[in-house]
Structures are given as structure tokens and as C-alpha cells.
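Chemist: start_34.csv is the file, holding CSV, C-alpha atoms and all ligand atoms:
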```
chain,number,residue,atom,x,y,z
A,1,MET,CA,53.1,54.7,-0.4
A,2,THR,CA,56.4,52.9,-1.1
A,3,ASP,CA,59.7,53.7,0.6
A,4,ARG,CA,61.6,54.1,-2.7
A,5,GLY,CA,62.8,57.6,-1.8
A,6,LYS,CA,64.6,56.1,1.2
A,7,ASP,CA,67.4,54.7,-1.0
A,8,ARG,CA,69.5,57.9,-1.0
A,9,PHE,CA,67.6,60.2,1.2
A,10,THR,CA,66.7,58.6,4.4
A,11,LYS,CA,65.0,61.3,6.4
A,12,LYS,CA,61.3,61.7,5.7
A,13,VAL,CA,60.7,65.4,5.9
A,14,TYR,CA,57.1,65.4,4.8
A,15,ALA,CA,54.4,62.8,5.4
A,16,ARG,CA,50.7,62.7,5.9
A,17,PRO,CA,49.8,63.9,9.4
A,18,LYS,CA,48.8,61.2,11.8
A,19,SER,CA,45.3,62.6,12.4
A,20,LEU,CA,44.5,62.6,8.7
A,21,VAL,CA,43.0,59.2,7.8
A,22,ASP,CA,44.8,57.6,4.9
A,23,VAL,CA,42.0,57.6,2.4
A,24,LYS,CA,41.3,59.4,-0.9
A,25,SER,CA,39.1,62.4,-0.3
A,26,HIS,CA,35.9,63.0,-2.2
A,27,PHE,CA,36.8,66.6,-2.8
A,28,CYS,CA,37.0,67.9,-6.4
A,29,PRO,CA,40.5,68.3,-7.9
A,30,GLY,CA,42.2,71.4,-6.5
A,31,CYS,CA,39.5,72.1,-3.9
A,32,HIS,CA,41.1,73.9,-0.9
A,33,HIS,CA,39.0,72.0,1.6
A,34,GLY,CA,41.8,69.4,1.3
A,35,ILE,CA,44.4,71.9,2.4
A,36,ALA,CA,42.3,73.1,5.3
A,37,HIS,CA,41.7,69.5,6.4
A,38,ARG,CA,45.4,68.9,6.3
A,39,ILE,CA,46.3,72.0,8.3
A,40,LEU,CA,43.7,71.0,10.9
A,41,ALA,CA,45.1,67.5,11.2
A,42,GLU,CA,48.7,68.8,11.4
A,43,THR,CA,47.6,71.2,14.2
A,44,ILE,CA,45.9,68.4,16.2
A,45,ASP,CA,49.1,66.4,15.9
A,46,HIS,CA,51.2,69.4,16.9
A,47,PHE,CA,49.4,69.8,20.2
A,48,GLY,CA,49.0,66.1,20.7
A,49,LEU,CA,45.2,66.4,21.0
A,50,ARG,CA,44.1,63.5,18.9
A,51,GLU,CA,42.7,61.5,21.8
A,52,GLN,CA,41.1,64.5,23.5
A,53,THR,CA,39.4,66.2,20.5
A,54,VAL,CA,35.7,66.3,19.5
A,55,GLY,CA,35.0,67.9,16.1
A,56,VAL,CA,31.7,69.1,15.0
A,57,ALA,CA,31.0,68.7,11.3
A,58,CYS,CA,28.8,71.0,9.2
A,59,VAL,CA,26.4,70.3,6.3
A,60,GLY,CA,28.2,71.0,3.0
A,61,CYS,CA,31.1,69.5,1.2
A,62,ALA,CA,33.0,69.1,4.5
A,63,VAL,CA,30.2,66.9,5.9
A,64,PHE,CA,32.4,63.8,5.8
A,65,LEU,CA,34.9,65.3,8.3
A,66,TYR,CA,34.5,62.1,10.4
A,67,ASP,CA,35.9,60.0,7.5
A,68,TYR,CA,39.0,62.1,7.3
A,69,ILE,CA,40.0,63.5,10.6
A,70,ASP,CA,40.9,60.7,13.1
A,71,VAL,CA,39.1,62.2,16.1
A,72,ASP,CA,35.6,61.8,17.5
A,73,VAL,CA,33.2,63.9,15.4
A,74,ALA,CA,29.5,64.9,15.9
A,75,GLU,CA,27.4,65.8,12.9
A,76,ALA,CA,25.4,69.0,13.4
A,77,PRO,CA,22.2,70.1,11.6
A,78,HIS,CA,23.0,72.7,8.9
A,79,GLY,CA,24.5,75.8,10.6
A,80,ARG,CA,24.1,74.5,14.1
A,81,ALA,CA,27.7,73.3,14.6
A,82,PRO,CA,28.6,76.1,17.1
A,83,ALA,CA,25.5,75.3,19.2
A,84,VAL,CA,26.4,71.6,19.2
A,85,ALA,CA,30.0,72.4,20.0
A,86,THR,CA,28.7,74.6,22.9
A,87,GLY,CA,27.0,71.6,24.4
A,88,VAL,CA,30.0,69.3,23.9
A,89,LYS,CA,32.4,71.8,25.5
A,90,ARG,CA,30.2,72.6,28.4
A,91,ALA,CA,29.5,68.9,29.1
A,92,GLN,CA,33.2,67.9,28.7
A,93,PRO,CA,35.4,71.0,29.3
A,94,ASP,CA,38.5,68.9,29.2
A,95,LYS,CA,38.0,68.1,25.6
A,96,PHE,CA,39.3,70.2,22.7
A,97,VAL,CA,36.3,71.1,20.6
A,98,PHE,CA,36.2,72.6,17.1
A,99,THR,CA,33.7,73.1,14.4
A,100,TYR,CA,34.5,73.1,10.6
A,101,GLN,CA,32.0,75.0,8.6
A,102,GLY,CA,31.4,76.3,5.1
A,103,ASP,CA,30.1,79.8,4.3
A,104,GLY,CA,26.6,78.6,3.4
A,105,ASP,CA,26.6,76.8,6.7
A,106,LEU,CA,28.2,79.5,9.0
A,107,ALA,CA,27.3,82.7,7.3
A,108,ALA,CA,23.7,81.9,6.0
A,109,ILE,CA,21.6,79.4,7.9
A,110,GLY,CA,23.9,79.4,10.9
A,111,THR,CA,24.6,83.1,11.3
A,112,SER,CA,22.7,83.3,14.6
A,113,GLU,CA,24.5,80.3,16.1
A,114,VAL,CA,28.0,81.5,15.4
A,115,ILE,CA,27.3,85.0,16.5
A,116,HIS,CA,25.8,83.9,19.8
A,117,ALA,CA,28.5,81.3,20.5
A,118,ALA,CA,31.1,84.0,19.9
A,119,ASN,CA,29.2,86.5,22.0
A,120,ARG,CA,28.9,84.1,24.9
A,121,GLY,CA,32.6,83.6,24.7
A,122,GLU,CA,32.2,79.8,24.3
A,123,ASN,CA,35.7,78.3,24.5
A,124,ILE,CA,35.5,76.6,21.1
A,125,THR,CA,37.5,76.9,17.9
A,126,VAL,CA,35.8,77.4,14.5
A,127,LEU,CA,37.4,76.8,11.2
A,128,PHE,CA,35.3,78.6,8.6
A,129,VAL,CA,35.9,77.8,4.9
A,130,ASN,CA,34.7,80.7,2.7
A,131,ASN,CA,34.5,79.7,-1.0
A,132,THR,CA,31.8,82.3,-1.8
A,133,THR,CA,29.2,79.7,-2.8
A,134,TYR,CA,27.2,76.7,-1.7
A,135,GLY,CA,29.5,74.1,-3.0
A,136,MET,CA,27.7,70.9,-2.2
A,137,THR,CA,24.3,71.8,-3.6
A,138,GLY,CA,25.5,73.1,-6.9
A,139,GLY,CA,26.9,76.6,-6.5
A,140,GLN,CA,24.0,78.8,-5.3
A,141,MET,CA,24.6,82.3,-4.1
A,142,ALA,CA,25.8,82.6,-0.5
A,143,PRO,CA,25.9,85.7,1.7
A,144,THR,CA,29.7,85.7,0.9
A,145,THR,CA,29.2,85.7,-2.9
A,146,MET,CA,31.1,88.5,-4.5
A,147,LEU,CA,29.3,91.4,-6.2
A,148,GLY,CA,28.9,90.5,-9.8
A,149,GLN,CA,29.6,86.8,-9.2
A,150,LYS,CA,27.4,84.6,-11.3
A,151,THR,CA,26.0,81.6,-9.5
A,152,SER,CA,23.1,79.3,-10.2
A,153,THR,CA,20.8,81.6,-8.2
A,154,SER,CA,22.4,84.9,-9.4
A,155,PRO,CA,22.7,84.2,-13.1
A,156,TYR,CA,23.3,87.8,-13.9
A,157,GLY,CA,25.8,88.3,-11.1
A,158,ARG,CA,25.2,89.4,-7.5
A,159,ASP,CA,23.6,92.8,-7.4
A,160,PHE,CA,23.8,94.8,-4.1
A,161,ARG,CA,20.5,96.5,-4.8
A,162,LYS,CA,18.8,93.1,-4.6
A,163,ASP,CA,21.2,90.8,-2.7
A,164,GLY,CA,23.1,93.1,-0.4
A,165,TYR,CA,26.9,92.9,0.1
A,166,PRO,CA,29.3,90.0,0.7
A,167,ILE,CA,29.4,89.5,4.5
A,168,LYS,CA,32.7,89.8,6.2
A,169,MET,CA,32.5,87.3,9.1
A,170,ALA,CA,36.1,87.6,10.4
A,171,GLU,CA,35.6,91.3,11.0
A,172,LEU,CA,32.1,91.0,12.3
A,173,LEU,CA,32.9,88.3,14.9
A,174,ALA,CA,36.0,90.3,16.0
A,175,THR,CA,33.7,93.0,17.3
A,176,LEU,CA,32.1,90.7,19.8
A,177,GLU,CA,33.5,90.8,23.4
A,178,GLY,CA,33.5,87.0,23.7
A,179,THR,CA,35.8,86.5,20.7
A,180,ALA,CA,39.4,85.9,21.7
A,181,TYR,CA,40.8,85.4,18.2
A,182,SER,CA,39.6,86.1,14.7
A,183,ALA,CA,41.7,85.9,11.6
A,184,ARG,CA,41.3,85.5,7.9
A,185,VAL,CA,43.8,83.5,6.0
A,186,ALA,CA,44.2,82.0,2.5
A,187,THR,CA,45.9,78.9,1.1
A,188,SER,CA,46.6,79.9,-2.5
A,189,THR,CA,50.4,80.3,-2.1
A,190,PRO,CA,53.0,78.3,-0.1
A,191,ALA,CA,53.6,81.3,2.1
A,192,GLN,CA,49.9,81.7,2.7
A,193,ILE,CA,49.6,78.1,3.7
A,194,ARG,CA,52.3,78.5,6.3
A,195,LYS,CA,50.6,81.6,7.7
A,196,ALA,CA,47.3,79.8,7.8
A,197,LYS,CA,48.9,77.1,9.9
A,198,GLU,CA,50.2,79.7,12.3
A,199,ALA,CA,46.7,81.2,12.6
A,200,VAL,CA,45.1,77.8,13.3
A,201,LYS,CA,47.7,77.2,16.0
A,202,LYS,CA,46.9,80.5,17.6
A,203,ALA,CA,43.2,79.7,17.5
A,204,PHE,CA,43.9,76.3,19.2
A,205,GLU,CA,46.0,78.1,21.8
A,206,MET,CA,43.1,80.4,22.7
A,207,GLN,CA,41.0,77.4,23.6
A,208,ILE,CA,43.8,75.6,25.4
A,209,LYS,CA,44.4,78.7,27.5
A,210,GLU,CA,40.6,79.1,28.0
A,211,MET,CA,40.6,82.6,26.5
A,212,GLY,CA,37.3,82.3,24.7
A,213,PHE,CA,35.9,81.9,21.2
A,214,SER,CA,38.4,81.6,18.3
A,215,ILE,CA,37.7,81.6,14.6
A,216,VAL,CA,39.9,81.3,11.5
A,217,GLU,CA,38.3,82.2,8.2
A,218,PHE,CA,39.9,80.5,5.1
A,219,LEU,CA,39.5,82.1,1.7
A,220,SER,CA,39.0,78.9,-0.2
A,221,THR,CA,38.2,77.8,-3.7
A,222,CYS,CA,35.4,75.9,-5.4
A,223,PRO,CA,36.8,75.3,-8.9
A,224,THR,CA,33.8,73.1,-9.8
A,225,ASN,CA,31.1,75.7,-9.1
A,226,TRP,CA,33.2,78.7,-10.1
A,227,GLY,CA,33.7,77.0,-13.5
A,228,MET,CA,37.5,77.5,-13.2
A,229,LYS,CA,40.6,75.4,-13.4
A,230,PRO,CA,42.1,75.0,-9.9
A,231,LEU,CA,45.1,77.3,-10.8
A,232,ASP,CA,42.7,80.0,-12.0
A,233,ALA,CA,40.6,79.6,-8.9
A,234,GLN,CA,43.7,80.3,-6.8
A,235,LYS,CA,44.3,83.5,-8.9
A,236,ARG,CA,40.8,84.6,-8.1
A,237,VAL,CA,41.5,84.2,-4.4
A,238,LEU,CA,44.7,86.2,-4.7
A,239,GLY,CA,43.0,88.9,-6.7
A,240,GLU,CA,39.4,90.0,-6.2
A,241,MET,CA,38.7,87.9,-3.2
A,242,SER,CA,41.5,89.0,-1.0
A,243,GLU,CA,40.9,92.6,-2.1
A,244,TYR,CA,37.4,92.5,-0.7
A,245,PHE,CA,38.1,90.1,2.1
A,246,PRO,CA,41.5,91.3,3.4
A,247,LEU,CA,43.7,88.7,5.1
A,248,GLY,CA,44.9,89.5,8.6
A,249,VAL,CA,44.3,89.1,12.3
A,250,TYR,CA,41.2,91.0,13.4
A,251,LYS,CA,41.4,90.2,17.1
A,252,GLU,CA,43.9,88.6,19.3
A,253,ARG,CA,43.3,88.6,23.0
A,254,LYS,CA,46.6,88.7,24.9
A,255,GLN,CA,45.4,87.8,28.3
A,256,ALA,CA,42.2,86.7,30.0
A,257,ASP,CA,41.2,90.3,30.6
A,258,PHE,CA,37.5,89.8,30.1
A,259,LEU,CA,36.5,88.7,33.5
B,1,MET,CA,86.4,63.7,-16.3
B,2,GLN,CA,87.0,66.1,-13.4
B,3,GLU,CA,84.7,68.6,-15.2
B,4,ALA,CA,82.0,66.1,-15.4
B,5,ALA,CA,82.4,65.1,-11.7
B,6,LYS,CA,82.1,68.8,-10.8
B,7,LYS,CA,79.0,69.2,-12.9
B,8,GLY,CA,77.5,66.1,-11.4
B,9,ALA,CA,78.2,67.5,-7.9
B,10,ALA,CA,76.5,70.8,-8.8
B,11,ALA,CA,73.4,69.1,-10.0
B,12,ALA,CA,73.2,66.6,-7.2
B,13,PRO,CA,69.7,66.7,-5.7
B,14,LYS,CA,69.3,67.4,-2.0
B,15,GLY,CA,66.0,65.7,-1.7
B,16,ARG,CA,63.5,63.5,-3.4
B,17,ILE,CA,59.7,63.4,-3.6
B,18,GLU,CA,57.3,60.7,-4.4
B,19,ILE,CA,53.9,61.4,-5.9
B,20,ASP,CA,51.1,58.9,-5.2
B,21,PHE,CA,50.0,58.1,-8.7
B,22,GLU,CA,46.6,56.8,-7.8
B,23,ARG,CA,45.7,59.6,-5.3
B,24,CYS,CA,46.7,62.4,-7.6
B,25,LYS,CA,43.7,64.4,-9.1
B,26,ALA,CA,45.8,66.3,-11.6
B,27,CYS,CA,44.8,69.7,-10.1
B,28,GLU,CA,48.3,71.0,-11.1
B,29,LEU,CA,48.7,73.1,-7.9
B,30,CYS,CA,52.0,71.5,-7.1
B,31,VAL,CA,53.5,72.5,-10.5
B,32,PRO,CA,53.9,76.3,-10.0
B,33,ALA,CA,54.4,75.7,-6.2
B,34,CYS,CA,57.8,74.0,-6.7
B,35,PRO,CA,60.5,76.7,-6.7
B,36,LYS,CA,62.8,74.5,-8.7
B,37,ASN,CA,60.3,73.5,-11.3
B,38,CYS,CA,60.7,69.8,-10.7
B,39,ILE,CA,57.2,68.7,-11.3
B,40,GLU,CA,55.2,68.4,-14.5
B,41,MET,CA,51.9,67.0,-15.5
B,42,GLY,CA,52.2,63.5,-16.8
B,43,ARG,CA,50.3,61.7,-19.5
B,44,ARG,CA,49.7,58.3,-17.9
B,45,ILE,CA,46.1,58.1,-16.6
B,46,ASN,CA,45.3,56.7,-13.2
B,47,ALA,CA,42.2,54.7,-12.2
B,48,GLY,CA,40.4,57.9,-11.2
B,49,GLY,CA,40.9,59.1,-14.8
B,50,PHE,CA,43.5,61.7,-14.0
B,51,ALA,CA,46.8,62.3,-15.8
B,52,ALA,CA,48.8,62.5,-12.6
B,53,ALA,CA,51.7,64.8,-11.9
B,54,VAL,CA,55.2,63.4,-12.3
B,55,PHE,CA,58.5,64.2,-10.6
B,56,ALA,CA,60.1,65.2,-13.9
B,57,ARG,CA,63.3,66.9,-12.9
B,58,PRO,CA,64.6,65.1,-9.7
B,59,GLU,CA,68.1,66.5,-10.2
B,60,ASP,CA,67.0,70.0,-9.0
B,61,CYS,CA,65.0,68.9,-6.0
B,62,THR,CA,66.0,70.5,-2.7
B,63,GLY,CA,63.6,68.5,-0.5
B,64,CYS,CA,62.0,71.8,0.6
B,65,ALA,CA,58.5,70.1,0.8
B,66,ILE,CA,56.7,73.1,-0.6
B,67,CYS,CA,55.1,70.9,-3.2
B,68,ALA,CA,53.8,68.6,-0.5
B,69,GLU,CA,52.4,71.5,1.5
B,70,SER,CA,50.5,72.7,-1.5
B,71,CYS,CA,48.9,69.5,-2.5
B,72,PRO,CA,45.2,69.4,-1.4
B,73,ASP,CA,45.2,65.6,-1.7
B,74,VAL,CA,48.3,65.0,0.3
B,75,CYS,CA,49.8,62.9,-2.5
B,76,ILE,CA,53.4,63.9,-2.0
B,77,GLU,CA,56.0,62.6,0.4
B,78,VAL,CA,59.4,64.2,0.7
B,79,TRP,CA,62.8,62.8,1.8
B,80,ARG,CA,66.0,64.6,2.4
C,301,LIG,C1,18.3,72.5,6.9
C,301,LIG,C2,19.0,72.3,5.6
C,301,LIG,N1,18.8,73.2,4.6
C,301,LIG,C3,19.4,73.0,3.4
C,301,LIG,C4,20.2,71.9,3.2
C,301,LIG,C5,20.8,71.8,1.8
C,301,LIG,N2,22.3,72.1,1.8
C,301,LIG,C6,23.2,71.1,1.9
C,301,LIG,S1,24.8,71.7,1.8
C,301,LIG,C7,24.2,73.3,1.6
C,301,LIG,C8,25.1,74.4,1.4
C,301,LIG,C9,26.6,74.2,1.8
C,301,LIG,O1,27.4,75.2,1.4
C,301,LIG,P1,28.6,75.7,2.2
C,301,LIG,O2,28.3,75.8,3.7
C,301,LIG,O3,29.1,77.0,1.6
C,301,LIG,O4,29.7,74.5,2.1
C,301,LIG,P2,30.5,74.0,0.8
C,301,LIG,O5,29.7,72.9,0.3
C,301,LIG,O6,30.6,75.1,-0.1
C,301,LIG,O7,31.8,73.6,1.4
C,301,LIG,C10,22.8,73.3,1.6
C,301,LIG,C11,22.0,74.6,1.5
C,301,LIG,C12,20.3,71.0,4.2
C,301,LIG,N3,21.1,69.9,4.1
C,301,LIG,N4,19.7,71.2,5.4
C,302,LIG,S1,31.9,71.4,-5.0
C,302,LIG,FE1,33.4,73.0,-4.6
C,302,LIG,S2,33.7,73.0,-2.3
C,302,LIG,FE2,32.7,71.1,-2.9
C,302,LIG,S3,34.4,69.6,-3.1
C,302,LIG,FE3,34.0,70.4,-5.1
C,302,LIG,S4,35.3,72.2,-5.4
C,302,LIG,FE4,35.2,71.7,-3.2
C,303,LIG,S1,60.6,69.2,-2.4
C,303,LIG,FE1,60.8,71.3,-3.1
C,303,LIG,S2,62.3,71.3,-4.8
C,303,LIG,FE2,61.6,69.1,-4.4
C,303,LIG,S3,59.9,68.9,-5.9
C,303,LIG,FE3,59.0,69.6,-3.9
C,303,LIG,S4,58.9,71.8,-4.1
C,303,LIG,FE4,60.2,71.1,-5.7
C,304,LIG,S1,48.9,69.1,-6.2
C,304,LIG,FE1,48.6,66.9,-5.6
C,304,LIG,S2,46.7,66.2,-6.6
C,304,LIG,FE2,47.3,68.2,-7.5
C,304,LIG,S3,48.5,67.6,-9.3
C,304,LIG,FE3,50.0,67.8,-7.7
C,304,LIG,S4,50.2,65.8,-6.7
C,304,LIG,FE4,48.4,65.8,-8.0
```
Could I get this structure in the form of C-alpha cells?
Modeler:
Amino acid sequence: MTDRGKDRFTKKVYARPKSLVDVKSHFCPGCHHGIAHRILAETIDHFGLREQTVGVACVGCAVFLYDYIDVDVAEAPHGRAPAVATGVKRAQPDKFVFTYQGDGDLAAIGTSEVIHAANRGENITVLFVNNTTYGMTGGQMAPTTMLGQKTSTSPYGRDFRKDGYPIKMAELLATLEGTAYSARVATSTPAQIRKAKEAVKKAFEMQIKEMGFSIVEFLSTCPTNWGMKPLDAQKRVLGEMSEYFPLGVYKERKQADFL
Amino acid sequence: MQEAAKKGAAAAPKGRIEIDFERCKACELCVPACPKNCIEMGRRINAGGFAAAVFARPEDCTGCAICAESCPDVCIEVWR
């Protein structure tokens, strides 16, 4: 970018975080993956962890994490990021290790991996982006899909009699002893974005203080597969999605009292 | 003259943003995010085919950076 703004106003108060590579993302217009990536990069910068971090990418629209976040990244098979992260963290406990996963990845094919990583109290941090659908593959129904939501595999809307209920991962993982921190945030208003950043910082701190497993669930958007304009997609998050998936902190360990 | 100077002072911006024309995907999320209503969607089309957002009312900008924090494509830089 140019430095035109510097003419009169000399102090740059907002710039791209250092850990976010300066390239155009492949995400669709208005997709909140971009916001979650930026919050992640800002938090890595905040703690000065860029040279000590290993990320584990998922399969899904966030698969290109290694192109965007300027840290070492391992690519895990679909859903297996928490298992790969377990290996990385156990082999190199001095590294900061995070996974970044979609809801098809974490709450469907990878349900077992995330539950057992949390239950073992693995000292890793999980960023979980819930957009109620399989974004990358064309908008199929996920376990997080809302009741009545039409997707390419639930053309008449999700029906609990056939498909069960949308799964609440932040609440579910909070029940496990090994979980130190579990929160659900959204990024559909400026205030929510700031709160989300605070939650990600808390989750990072849990790992830094060796308190155990931490997870932040983002209520995200998929304007493309929802068939909505980005602003309408945000309204959906603020409306029906946060009604069913309440925002909040579901668990926050205050001290290492689990020994 | 004095009147005009006063007016000018009242409308003096406290900050300034720059929107990366080529990076913008015209998602419009920054438009309602700005509390001062400084941003509008433009008409000029970038290489990606998007009619990028424009800093239409710089006189009201406070440099709060809320627009930048709301942009999923990190297109906005802010100076104060
Ligand atoms: C073992 C395996 N099964 C299925 C797929 C196909 N696949 C690729 S991405 C994806 C779903 C991703 O959805 P989600 O995790 O919600 O992420 P999003 O794209 O919405 O961000 C699936 C099923 C795969 N790559 N590997
Ligand atoms: S398909 Fe959906 S989740 Fe994937 S980049 Fe596009 S909007 Fe985002
Ligand atoms: S810095 Fe604040 S006032 Fe200026 S354009 Fe951005 S949101 Fe609006
Ligand atoms: S939020 Fe960013 S990408 Fe979207 S219209 Fe505004 S500047 Fe463009």
C-alpha cells in the first residue's frame, strides 16, 4: 500500500499484522475466515510467538493456512488436526501449537480426535470456525447445520427426526476435565470482533501457562453456500445462529488445579 | 470568514484511511461498520471484478480503525 495517508496523519494506527502474509486470500467476499485469520495473526504478534509457533491446518476452506499465516504449518488429514497437534506438542513442548478447523472437519469427521485431545488435556489451542456447513465442497449439511437449514444434502431443510440436532461443541468440550478454556465468539459486529480477540488471547494464555486444552468456537459465515449477501449472512449469525449457539465462555480454568 | 474557519475546524478529520483498491472484494462489511458513515461502495471495478469500497466522506473520519477491524480481507489501513 502507499503511504499517502501519512501526509497529514503520521501515526499508523492500523496495519496488517506481521504474521499475516501480504497476499490476497482465496476466501469468498465477506467470508469470516478472513477475520478469524487476522485475529489469529494479531494474537501471534501480540505474544511474540511467530518464531515458536507450529500451526496445524485442517481440510476445508482454511486448508491454505500455510499460505497466509507466517509460521510453520503442518497439514493434517481431514479432522485429524488435534491428533497431529498432539504429536507436535509432545515432541516439541516448547513450541506454541494450534489447530484451525472448520465444523465439517472438527465436528463431523474429526469429532473423536478433538474430544480425546481435550479429554487428555493436551496443551494445545484449537480455533474452530463454525459456519454451519461444509464450505469447500459445496455446502453439504454438517452436524452444526441449523434445523430447517437447506443445504445441498438437506434440500428440504434439516429435520431433527432424520438428522438430529445441531451439535454444540463449545458446551460439549467444556464438560471434559482436560479442557482449560472453551468459549464461543462471533465476528459479525465490531464489538464482537474485539471480544473474539480477547477470547483467543485467553486461549493462547492457557497453553502458555500449561493449563491444558483450549478452544475458541467462532460463529462464522459462508455467504456463498448460504446463498446470502455478506451483510445478510452477518444478520443470520446475529439472529438465529447466536440464539441456538449462545456466545460466551463455557469454561475457564483459573489455576492448574487438575493435578 | 471567521464563521467558515470555525466550520472548517469542526469538520476537520481526526484520521484517515486508505482502502486497497485491488484487494477489496466489495463485500460491503466495512460500510455499516463505520460509525461515521465515511465509506461507500464505489463504481470503479478492480482487476478481480469487484466494485471496490471508497473512502467517500473523509471529513468525518476519526481514525477509530473500526472499519479496518471489520474487513475480512485486511484492505484498510488507518492513520491518525
Ligand atoms: C477423508 C476426506 N473426506 C472428505 C473430504 C472432502 N472434504 C473436503 S473439505 C470438506 C468439508 C470441509 O468443511 P468444513 O470443515 O466445515 O470447512 P469449511 O470449508 O466450511 O471452512 C470435505 C468433506 C476429504 N478431503 N478428505
Ligand atoms: S465457500 Fe464459504 S467458507 Fe469457503 S471461502 Fe467461500 S464463503 Fe468462506
Ligand atoms: S477509521 Fe473509523 S471513522 Fe474512519 S472510516 Fe474507519 S470506521 Fe470510519
Ligand atoms: S470490508 Fe474490505 S473487502 Fe469488504 S468492501 Fe470493505 S474494504 Fe472491501
Chemist: From the set A:Glu252, A:Glu243, A:Asp232, A:Glu217, which residue has the shortest atom-to-atom contact distance to chain B, counting all atoms listed in the file?
Modeler: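 Once distances to chain B are computed over all atoms listed in the file, the minimum belongs to A:Asp232.
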Chemist: Would you work out the distance separating atom CA of Lys89 of chain A from atom CA of Asp105 of chain A, expressed in Å to one decimal?
Modeler: 20.3 Å
Chemist: To one decimal place, how far is atom CA of Gly178 of chain A from atom C10 of ligand LIG 301 (chain C) in Å?
Modeler: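 Those two atoms sit 28.1 Å apart.
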Chemist: I need the chain A residues near chain B as a count of residues only; criterion: at most 6 Å, counting all atoms listed in the file.
Modeler: 11
Chemist: List as an MDAnalysis selection string the protein and nucleic acid residues near segment 206-213 of chain A, meaning an atom at most 10 Å away when all atoms listed in the file are counted, but skip any in the same chain fewer than 5 places from it.
Modeler: chainID A and resid 47 93:98 114 117:126 173:174 176:182 200:201 252:258
